[in-house]
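For reference, entry-v1.cif is printed below; it contains mmCIF, C-alpha atoms.
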data_query
loop_
_atom_site.label_atom_id
_atom_site.label_comp_id
_atom_site.auth_asym_id
_atom_site.auth_seq_id
_atom_site.Cartn_x
_atom_site.Cartn_y
_atom_site.Cartn_z
CA MET A 1 -2.44 -5.62 17.83
CA SER A 2 -2.44 -9.38 18.03
CA ALA A 3 0.11 -11.40 16.09
CA PRO A 4 -1.00 -12.82 12.74
CA ALA A 5 -1.82 -16.46 12.32
CA PRO A 6 1.00 -18.72 11.10
CA PHE A 7 1.74 -18.06 7.46
CA PRO A 8 0.97 -21.11 5.30
CA PRO A 9 2.53 -21.67 1.88
CA HIS A 10 0.72 -20.06 -1.03
CA ALA A 11 -1.64 -22.63 -2.48
CA THR A 12 -3.91 -20.66 -4.77
CA HIS A 13 -1.79 -18.08 -6.58
CA THR A 14 1.63 -17.82 -8.19
CA THR A 15 3.68 -14.69 -8.83
CA PRO A 16 4.43 -14.68 -12.55
CA GLY A 17 5.25 -11.04 -13.18
CA ILE A 18 5.96 -7.55 -11.89
CA ALA A 19 3.00 -5.34 -11.07
CA ALA A 20 5.10 -2.21 -10.48
CA ALA A 21 8.78 -1.34 -10.45
CA THR A 22 11.21 1.52 -9.95
CA THR A 23 14.68 1.79 -11.44
CA ASP A 24 17.28 4.21 -10.03
CA LEU A 25 14.42 6.23 -8.54
CA THR A 26 15.71 9.48 -7.03
CA LYS A 27 13.67 12.20 -5.37
CA VAL A 28 15.30 15.46 -4.30
CA TYR A 29 13.58 18.35 -2.55
CA GLY A 30 15.00 21.87 -2.54
CA SER A 31 18.40 22.95 -3.81
CA GLY A 32 21.74 24.17 -2.60
CA ASP A 33 22.13 24.21 1.16
CA THR A 34 18.49 23.23 1.66
CA GLN A 35 18.63 20.21 -0.67
CA VAL A 36 17.23 17.00 0.82
CA VAL A 37 17.65 13.61 -0.86
CA ALA A 38 14.47 11.70 -0.05
CA LEU A 39 15.23 8.71 -2.31
CA ASP A 40 18.67 7.78 -3.58
CA ARG A 41 18.66 5.54 -6.70
CA VAL A 42 16.05 3.06 -5.41
CA SER A 43 15.40 0.06 -7.66
CA ILE A 44 12.68 -2.37 -6.61
CA GLY A 45 10.02 -4.59 -8.15
CA PHE A 46 6.65 -5.46 -6.61
CA ARG A 47 5.64 -8.92 -7.76
CA GLU A 48 2.12 -9.81 -8.84
CA GLY A 49 0.10 -11.61 -6.21
CA GLU A 50 2.41 -10.61 -3.37
CA PHE A 51 1.94 -8.52 -0.22
CA THR A 52 4.94 -6.25 0.37
CA ALA A 53 5.48 -4.03 3.41
CA ILE A 54 7.82 -1.02 3.26
CA MET A 55 9.49 -0.13 6.56
CA GLY A 56 12.27 2.01 7.92
CA PRO A 57 13.08 4.67 10.51
CA SER A 58 11.10 7.90 10.56
CA GLY A 59 12.18 10.11 7.67
CA CYS A 60 13.74 7.28 5.65
CA GLY A 61 11.66 7.95 2.51
CA LYS A 62 9.15 5.08 2.65
CA SER A 63 6.06 7.23 2.01
CA THR A 64 7.92 9.11 -0.71
CA LEU A 65 8.73 5.79 -2.38
CA MET A 66 5.09 4.75 -2.29
CA HIS A 67 3.86 8.10 -3.61
CA CYS A 68 6.31 8.00 -6.52
CA ALA A 69 5.59 4.33 -7.30
CA ALA A 70 1.85 5.08 -7.31
CA GLY A 71 2.12 8.09 -9.58
CA LEU A 72 1.10 10.54 -6.86
CA ASP A 73 4.48 12.30 -6.95
CA SER A 74 7.04 12.74 -9.71
CA PRO A 75 10.62 11.49 -9.31
CA SER A 76 13.57 13.79 -9.86
CA SER A 77 15.16 11.08 -11.97
CA GLY A 78 14.83 7.38 -12.66
CA SER A 79 12.00 5.21 -13.91
CA VAL A 80 8.61 4.17 -12.49
CA ARG A 81 6.46 1.55 -14.22
CA ILE A 82 3.03 0.09 -13.57
CA GLY A 83 3.17 -3.20 -15.43
CA THR A 84 4.93 -2.25 -18.65
CA THR A 85 3.70 1.37 -18.64
CA GLU A 86 6.40 3.95 -17.98
CA LEU A 87 4.74 6.73 -16.01
CA SER A 88 7.00 9.48 -17.36
CA THR A 89 5.55 8.92 -20.85
CA LEU A 90 2.00 9.80 -19.70
CA ASN A 91 0.37 13.21 -19.78
CA ASP A 92 -1.74 14.41 -16.84
CA ARG A 93 -4.99 12.97 -18.22
CA GLN A 94 -3.42 9.60 -18.97
CA LEU A 95 -1.83 9.48 -15.52
CA THR A 96 -5.16 10.28 -13.88
CA GLU A 97 -6.85 7.50 -15.86
CA LEU A 98 -4.11 5.03 -14.96
CA ARG A 99 -4.44 5.80 -11.25
CA ARG A 100 -8.21 5.46 -11.50
CA ASP A 101 -8.27 2.24 -13.51
CA ARG A 102 -5.15 0.33 -12.48
CA ILE A 103 -4.23 1.46 -8.96
CA GLY A 104 -6.12 1.16 -5.68
CA PHE A 105 -5.39 3.37 -2.67
CA ILE A 106 -5.98 2.90 1.05
CA PHE A 107 -4.88 5.70 3.37
CA GLN A 108 -4.74 6.19 7.11
CA ALA A 109 -7.69 8.58 6.79
CA PHE A 110 -10.62 6.64 5.39
CA ASN A 111 -11.52 9.34 2.82
CA LEU A 112 -15.17 8.33 2.56
CA LEU A 113 -17.88 10.73 1.41
CA PRO A 114 -20.26 11.22 4.36
CA THR A 115 -23.41 11.61 2.25
CA LEU A 116 -22.94 8.31 0.41
CA THR A 117 -23.78 4.83 1.66
CA ALA A 118 -21.09 2.20 2.09
CA LEU A 119 -22.05 0.66 -1.25
CA GLU A 120 -21.98 4.04 -3.01
CA ASN A 121 -18.54 4.79 -1.52
CA ILE A 122 -17.24 1.39 -2.64
CA THR A 123 -18.42 1.85 -6.23
CA LEU A 124 -17.59 5.57 -6.46
CA PRO A 125 -14.41 5.16 -8.57
CA LEU A 126 -16.35 3.08 -11.10
CA SER A 127 -19.20 5.59 -11.11
CA ILE A 128 -16.76 8.44 -11.81
CA ALA A 129 -15.32 6.40 -14.69
CA GLY A 130 -18.81 5.71 -16.06
CA ARG A 131 -18.42 1.97 -15.54
CA ARG A 132 -20.78 -0.55 -13.99
CA PRO A 133 -19.33 -2.85 -11.34
CA ASP A 134 -18.90 -6.52 -12.08
CA GLN A 135 -21.64 -7.70 -9.72
CA GLN A 136 -20.09 -11.09 -9.06
CA TRP A 137 -16.72 -9.53 -8.20
CA LEU A 138 -18.38 -6.81 -6.11
CA ASP A 139 -20.30 -9.42 -4.12
CA ARG A 140 -17.11 -11.40 -3.56
CA VAL A 141 -15.15 -8.37 -2.34
CA VAL A 142 -17.98 -7.20 -0.08
CA ALA A 143 -18.33 -10.67 1.43
CA MET A 144 -14.58 -10.93 1.99
CA VAL A 145 -14.49 -7.73 4.03
CA GLY A 146 -17.67 -8.62 5.91
CA LEU A 147 -19.85 -5.70 4.80
CA SER A 148 -22.81 -7.52 3.28
CA GLU A 149 -25.13 -6.37 6.07
CA ARG A 150 -23.85 -2.77 6.20
CA LEU A 151 -24.01 -1.59 2.60
CA GLY A 152 -26.90 0.82 3.20
CA HIS A 153 -25.19 2.58 6.12
CA ARG A 154 -23.42 5.92 5.81
CA PRO A 155 -19.92 6.43 7.29
CA ALA A 156 -21.23 8.10 10.46
CA GLN A 157 -23.18 4.91 11.18
CA LEU A 158 -20.06 2.73 10.89
CA SER A 159 -17.18 2.12 13.27
CA GLY A 160 -13.65 3.12 12.29
CA GLY A 161 -12.83 -0.47 11.41
CA GLN A 162 -15.94 -0.77 9.26
CA GLN A 163 -15.11 2.50 7.49
CA GLN A 164 -11.65 1.19 6.65
CA ARG A 165 -13.23 -2.04 5.37
CA VAL A 166 -15.26 0.14 3.01
CA ALA A 167 -12.00 1.78 1.89
CA VAL A 168 -10.41 -1.64 1.32
CA ALA A 169 -13.40 -2.78 -0.75
CA ARG A 170 -13.30 0.49 -2.73
CA ALA A 171 -9.63 -0.11 -3.53
CA LEU A 172 -10.33 -3.66 -4.73
CA VAL A 173 -13.60 -3.26 -6.62
CA SER A 174 -12.05 -2.10 -9.90
CA ARG A 175 -9.61 -5.06 -9.93
CA PRO A 176 -6.54 -2.80 -9.94
CA ALA A 177 -3.12 -4.03 -10.98
CA ILE A 178 -1.81 -2.99 -7.57
CA VAL A 179 -3.13 -1.60 -4.27
CA PHE A 180 -1.03 0.86 -2.25
CA GLY A 181 -1.72 1.36 1.45
CA ASP A 182 -0.17 4.21 3.46
CA GLU A 183 -0.39 3.28 7.16
CA PRO A 184 -3.87 1.82 6.51
CA THR A 185 -4.36 0.74 10.14
CA GLY A 186 -2.87 3.87 11.73
CA ASN A 187 -6.26 5.18 12.94
CA LEU A 188 -7.61 1.82 14.11
CA ASP A 189 -7.48 -0.06 17.39
CA SER A 190 -5.64 -3.38 17.54
CA ARG A 191 -8.66 -5.57 16.80
CA ALA A 192 -9.93 -3.51 13.88
CA GLY A 193 -6.38 -3.15 12.53
CA SER A 194 -5.88 -6.91 12.62
CA GLU A 195 -9.14 -7.42 10.72
CA VAL A 196 -8.16 -4.96 7.99
CA LEU A 197 -4.70 -6.51 7.64
CA GLY A 198 -6.31 -9.92 7.42
CA PHE A 199 -8.56 -8.69 4.60
CA LEU A 200 -5.56 -7.32 2.72
CA ARG A 201 -3.73 -10.63 3.15
CA ASP A 202 -6.85 -12.52 2.01
CA SER A 203 -7.11 -10.31 -1.08
CA VAL A 204 -3.62 -11.48 -2.05
CA ARG A 205 -4.19 -15.16 -1.29
CA GLU A 206 -7.76 -15.53 -2.51
CA LEU A 207 -8.13 -12.84 -5.17
CA GLY A 208 -4.57 -12.71 -6.51
CA GLN A 209 -4.26 -9.02 -5.64
CA THR A 210 -0.92 -7.22 -5.37
CA VAL A 211 -0.58 -5.07 -2.22
CA VAL A 212 2.17 -2.66 -1.17
CA MET A 213 1.85 -1.17 2.31
CA VAL A 214 3.89 1.47 4.13
CA THR A 215 3.89 0.82 7.87
CA HIS A 216 5.90 1.50 11.01
CA ASP A 217 4.30 -1.42 12.88
CA PRO A 218 6.24 -4.73 13.02
CA VAL A 219 3.01 -6.62 13.75
CA ALA A 220 1.37 -5.18 10.64
CA ALA A 221 4.45 -6.09 8.61
CA GLY A 222 4.07 -9.66 9.87
CA TYR A 223 1.01 -10.05 7.63
CA ALA A 224 3.10 -9.45 4.49
CA ASP A 225 4.92 -11.94 2.28
CA ARG A 226 7.96 -9.69 2.12
CA VAL A 227 9.30 -6.65 3.97
CA VAL A 228 11.73 -4.20 2.36
CA PHE A 229 13.68 -1.82 4.58
CA LEU A 230 14.73 1.72 3.73
CA SER A 231 17.27 3.83 5.54
CA ASP A 232 18.49 7.27 4.57
CA GLY A 233 16.64 7.09 1.26
CA ARG A 234 18.18 3.78 0.19
CA LEU A 235 17.04 0.17 0.17
CA VAL A 236 19.15 -1.63 2.74
CA ASP A 237 17.53 -5.02 3.38
CA GLU A 238 14.72 -7.40 2.50
CA MET A 239 12.97 -10.11 4.52
CA THR A 240 10.68 -12.88 3.30
CA ARG A 241 8.07 -14.62 5.48
CA PRO A 242 8.52 -12.00 8.18
CA THR A 243 7.51 -12.32 11.80
CA PRO A 244 6.90 -9.34 14.11
CA ASP A 245 9.91 -10.25 16.26
CA ARG A 246 12.30 -10.50 13.30
CA VAL A 247 11.02 -7.21 11.88
CA LEU A 248 11.37 -5.49 15.27
CA ASP A 249 14.95 -6.72 15.59
CA ARG A 250 15.84 -5.43 12.13
CA MET A 251 14.23 -2.05 12.80
CA ALA A 252 16.15 -1.76 16.05
CA GLY A 253 19.35 -2.45 14.12
CA LEU A 254 18.54 0.28 11.59
CA SER A 255 17.89 2.77 14.38
CA ARG A 256 21.25 1.93 15.96
CA ASP A 257 22.97 2.35 12.60
CA ASN A 258 21.33 5.73 12.04
CA ARG A 259 22.36 6.99 15.48
CA ALA A 260 25.92 5.87 14.87
CA GLU A 261 26.09 7.65 11.50
CA ALA A 262 24.24 10.85 12.46
CA PRO A 263 27.20 12.85 13.82
CA ALA A 264 29.25 12.20 10.69
CA SER A 265 26.67 12.58 7.96
CA GLY A 266 23.71 14.43 9.46
CA PRO A 267 20.13 13.96 8.32
CA ARG A 268 19.60 13.37 4.63
CA SER A 269 16.19 12.07 3.88
CA HIS A 270 12.76 13.63 3.65
CA THR A 271 9.91 12.63 5.89
CA GLY A 272 8.29 9.35 4.91
#
Show me, as structure tokens, the structure contained in the file I just sent.
Amino acid sequence: MSAPAPFPPHATHTTPGIAAATTDLTKVYGSGDTQVVALDRVSIGFREGEFTAIMGPSGCGKSTLMHCAAGLDSPSSGSVRIGTTELSTLNDRQLTELRRDRIGFIFQAFNLLPTLTALENITLPLSIAGRRPDQQWLDRVVAMVGLSERLGHRPAQLSGGQQQRVAVARALVSRPAIVFGDEPTGNLDSRAGSEVLGFLRDSVRELGQTVVMVTHDPVAAGYADRVVFLSDGRLVDEMTRPTPDRVLDRMAGLSRDNRAEAPASGPRSHTG
């Protein structure tokens, strides 16, 4: 994947508040001798209008953090908020509605319905909610991801990169408070991956979107405003205005630290 273009200062959007936050977030799987601490008292805020990448060694808990922050998994203890809404206060129906209306998701698998056109896949969450799309916003999102000429095509008629563009547009079309991406370029070649990352970065700069992305790729992380690093279920570092080389160096340092500690402490964290 090619390196991102130089990162200019933000000129069109400020970061006035917190789109999502966790406080003392802990996630434990199993019990007794089989107990695994996936997240260990993680406190972090994701600022509005900012692109954050979550990184760390394999098994450090990064996907678990994203799933808990997005309301896809329940913490063992601690607090998760979307805006000012505490997720633990919501029942199942309210949580489903919050995920539908205020959170966008982009996954490594495109998760498109094969019988629907690109446009129908993009607007599907709104259709399920019984809402009409804001046509001006829809047109803007579609133009940003370069799909204006492909809206009538079904997924099988689109390349992998185009399918993931559809998924990006679907995540943005409802104007969510925050978009979570779990390895969103993992199934794409370098060129298509760079395009999708560019669209995510543009959605932050031009549309004021908030994006949180789990990735293992230092080049992908170079598109973000900020990178947070997890190790052994804990937040251990943060980097602003990252570059692929700086991220790679920090990841190498975390891997060395983990190897040095492994004989004494053994594995602790869940996959993610």
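Restricting the calculation to all atoms listed in the file, the smallest distance between Gly83 of chain A and any of A:Ser159, A:Thr22, A:Asn187, A:Ser63 is found for A:Thr22.
Atom to atom, atom CA of Leu230 of chain A and atom CA of Gly56 of chain A stand 4.9 Å apart.
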Inset, instruction - Just say which residues the PyMOL selection byres ((chain A and resi 236) around 12) picks in this file, as a PyMOL selection string. - result: chain A and resi 40-44+54-57+60+227-235+237-239+250-251+253-254+257
Legend entry - Nearest residue to Leu158 of chain A from the set A:Thr117, A:Gln35, A:Ser76, A:Thr52 (distances using all atoms listed in the file):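 Among the listed residues, A:Thr117 lies closest to Leu158 of chain A.
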Inset, instruction - Could you tell me which residues the PyMOL selection byres ((chain A and resi 160-176) around 9) returns for this structure, as JSON, numbers by chain? - result: {"A": [99, 100, 101, 102, 103, 104, 105, 106, 107, 108, 109, 110, 111, 112, 118, 119, 121, 122, 123, 124, 125, 126, 133, 134, 137, 138, 141, 142, 144, 145, 146, 147, 150, 151, 155, 156, 158, 159, 177, 178, 179, 180, 184, 185, 187, 188, 189, 191, 192, 193, 195, 196, 199, 200, 203, 209, 210]}
Written selection (C-alpha atoms) as a short mmCIF file (atom, residue, chain, number, x, y, z; two decimals), in the coordinates of the input:
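Just written: result_7.cif:
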data_model
loop_
_atom_site.label_atom_id
_atom_site.label_comp_id
_atom_site.auth_asym_id
_atom_site.auth_seq_id
_atom_site.Cartn_x
_atom_site.Cartn_y
_atom_site.Cartn_z
CA ARG A 99 -4.44 5.80 -11.25
CA ARG A 100 -8.21 5.46 -11.50
CA ASP A 101 -8.27 2.24 -13.51
CA ARG A 102 -5.15 0.33 -12.48
CA ILE A 103 -4.23 1.46 -8.96
CA GLY A 104 -6.12 1.16 -5.68
CA PHE A 105 -5.39 3.37 -2.67
CA ILE A 106 -5.98 2.90 1.05
CA PHE A 107 -4.88 5.70 3.37
CA GLN A 108 -4.74 6.19 7.11
CA ALA A 109 -7.69 8.58 6.79
CA PHE A 110 -10.62 6.64 5.39
CA ASN A 111 -11.52 9.34 2.82
CA LEU A 112 -15.17 8.33 2.56
CA ALA A 118 -21.09 2.20 2.09
CA LEU A 119 -22.05 0.66 -1.25
CA ASN A 121 -18.54 4.79 -1.52
CA ILE A 122 -17.24 1.39 -2.64
CA THR A 123 -18.42 1.85 -6.23
CA LEU A 124 -17.59 5.57 -6.46
CA PRO A 125 -14.41 5.16 -8.57
CA LEU A 126 -16.35 3.08 -11.10
CA PRO A 133 -19.33 -2.85 -11.34
CA ASP A 134 -18.90 -6.52 -12.08
CA TRP A 137 -16.72 -9.53 -8.20
CA LEU A 138 -18.38 -6.81 -6.11
CA VAL A 141 -15.15 -8.37 -2.34
CA VAL A 142 -17.98 -7.20 -0.08
CA MET A 144 -14.58 -10.93 1.99
CA VAL A 145 -14.49 -7.73 4.03
CA GLY A 146 -17.67 -8.62 5.91
CA LEU A 147 -19.85 -5.70 4.80
CA ARG A 150 -23.85 -2.77 6.20
CA LEU A 151 -24.01 -1.59 2.60
CA PRO A 155 -19.92 6.43 7.29
CA ALA A 156 -21.23 8.10 10.46
CA LEU A 158 -20.06 2.73 10.89
CA SER A 159 -17.18 2.12 13.27
CA ALA A 177 -3.12 -4.03 -10.98
CA ILE A 178 -1.81 -2.99 -7.57
CA VAL A 179 -3.13 -1.60 -4.27
CA PHE A 180 -1.03 0.86 -2.25
CA PRO A 184 -3.87 1.82 6.51
CA THR A 185 -4.36 0.74 10.14
CA ASN A 187 -6.26 5.18 12.94
CA LEU A 188 -7.61 1.82 14.11
CA ASP A 189 -7.48 -0.06 17.39
CA ARG A 191 -8.66 -5.57 16.80
CA ALA A 192 -9.93 -3.51 13.88
CA GLY A 193 -6.38 -3.15 12.53
CA GLU A 195 -9.14 -7.42 10.72
CA VAL A 196 -8.16 -4.96 7.99
CA PHE A 199 -8.56 -8.69 4.60
CA LEU A 200 -5.56 -7.32 2.72
CA SER A 203 -7.11 -10.31 -1.08
CA GLN A 209 -4.26 -9.02 -5.64
CA THR A 210 -0.92 -7.22 -5.37
#
Inset, instruction - Go through A:Arg93, A:Arg256, A:Lys27, A:His153 one by one, measure the shortest atom-to-atom distance of each to Asp73 of chain A using only C-alpha atoms, and give the residue with the smallest value. - result: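 Selected residue with least distance to Asp73 of chain A: A:Lys27.
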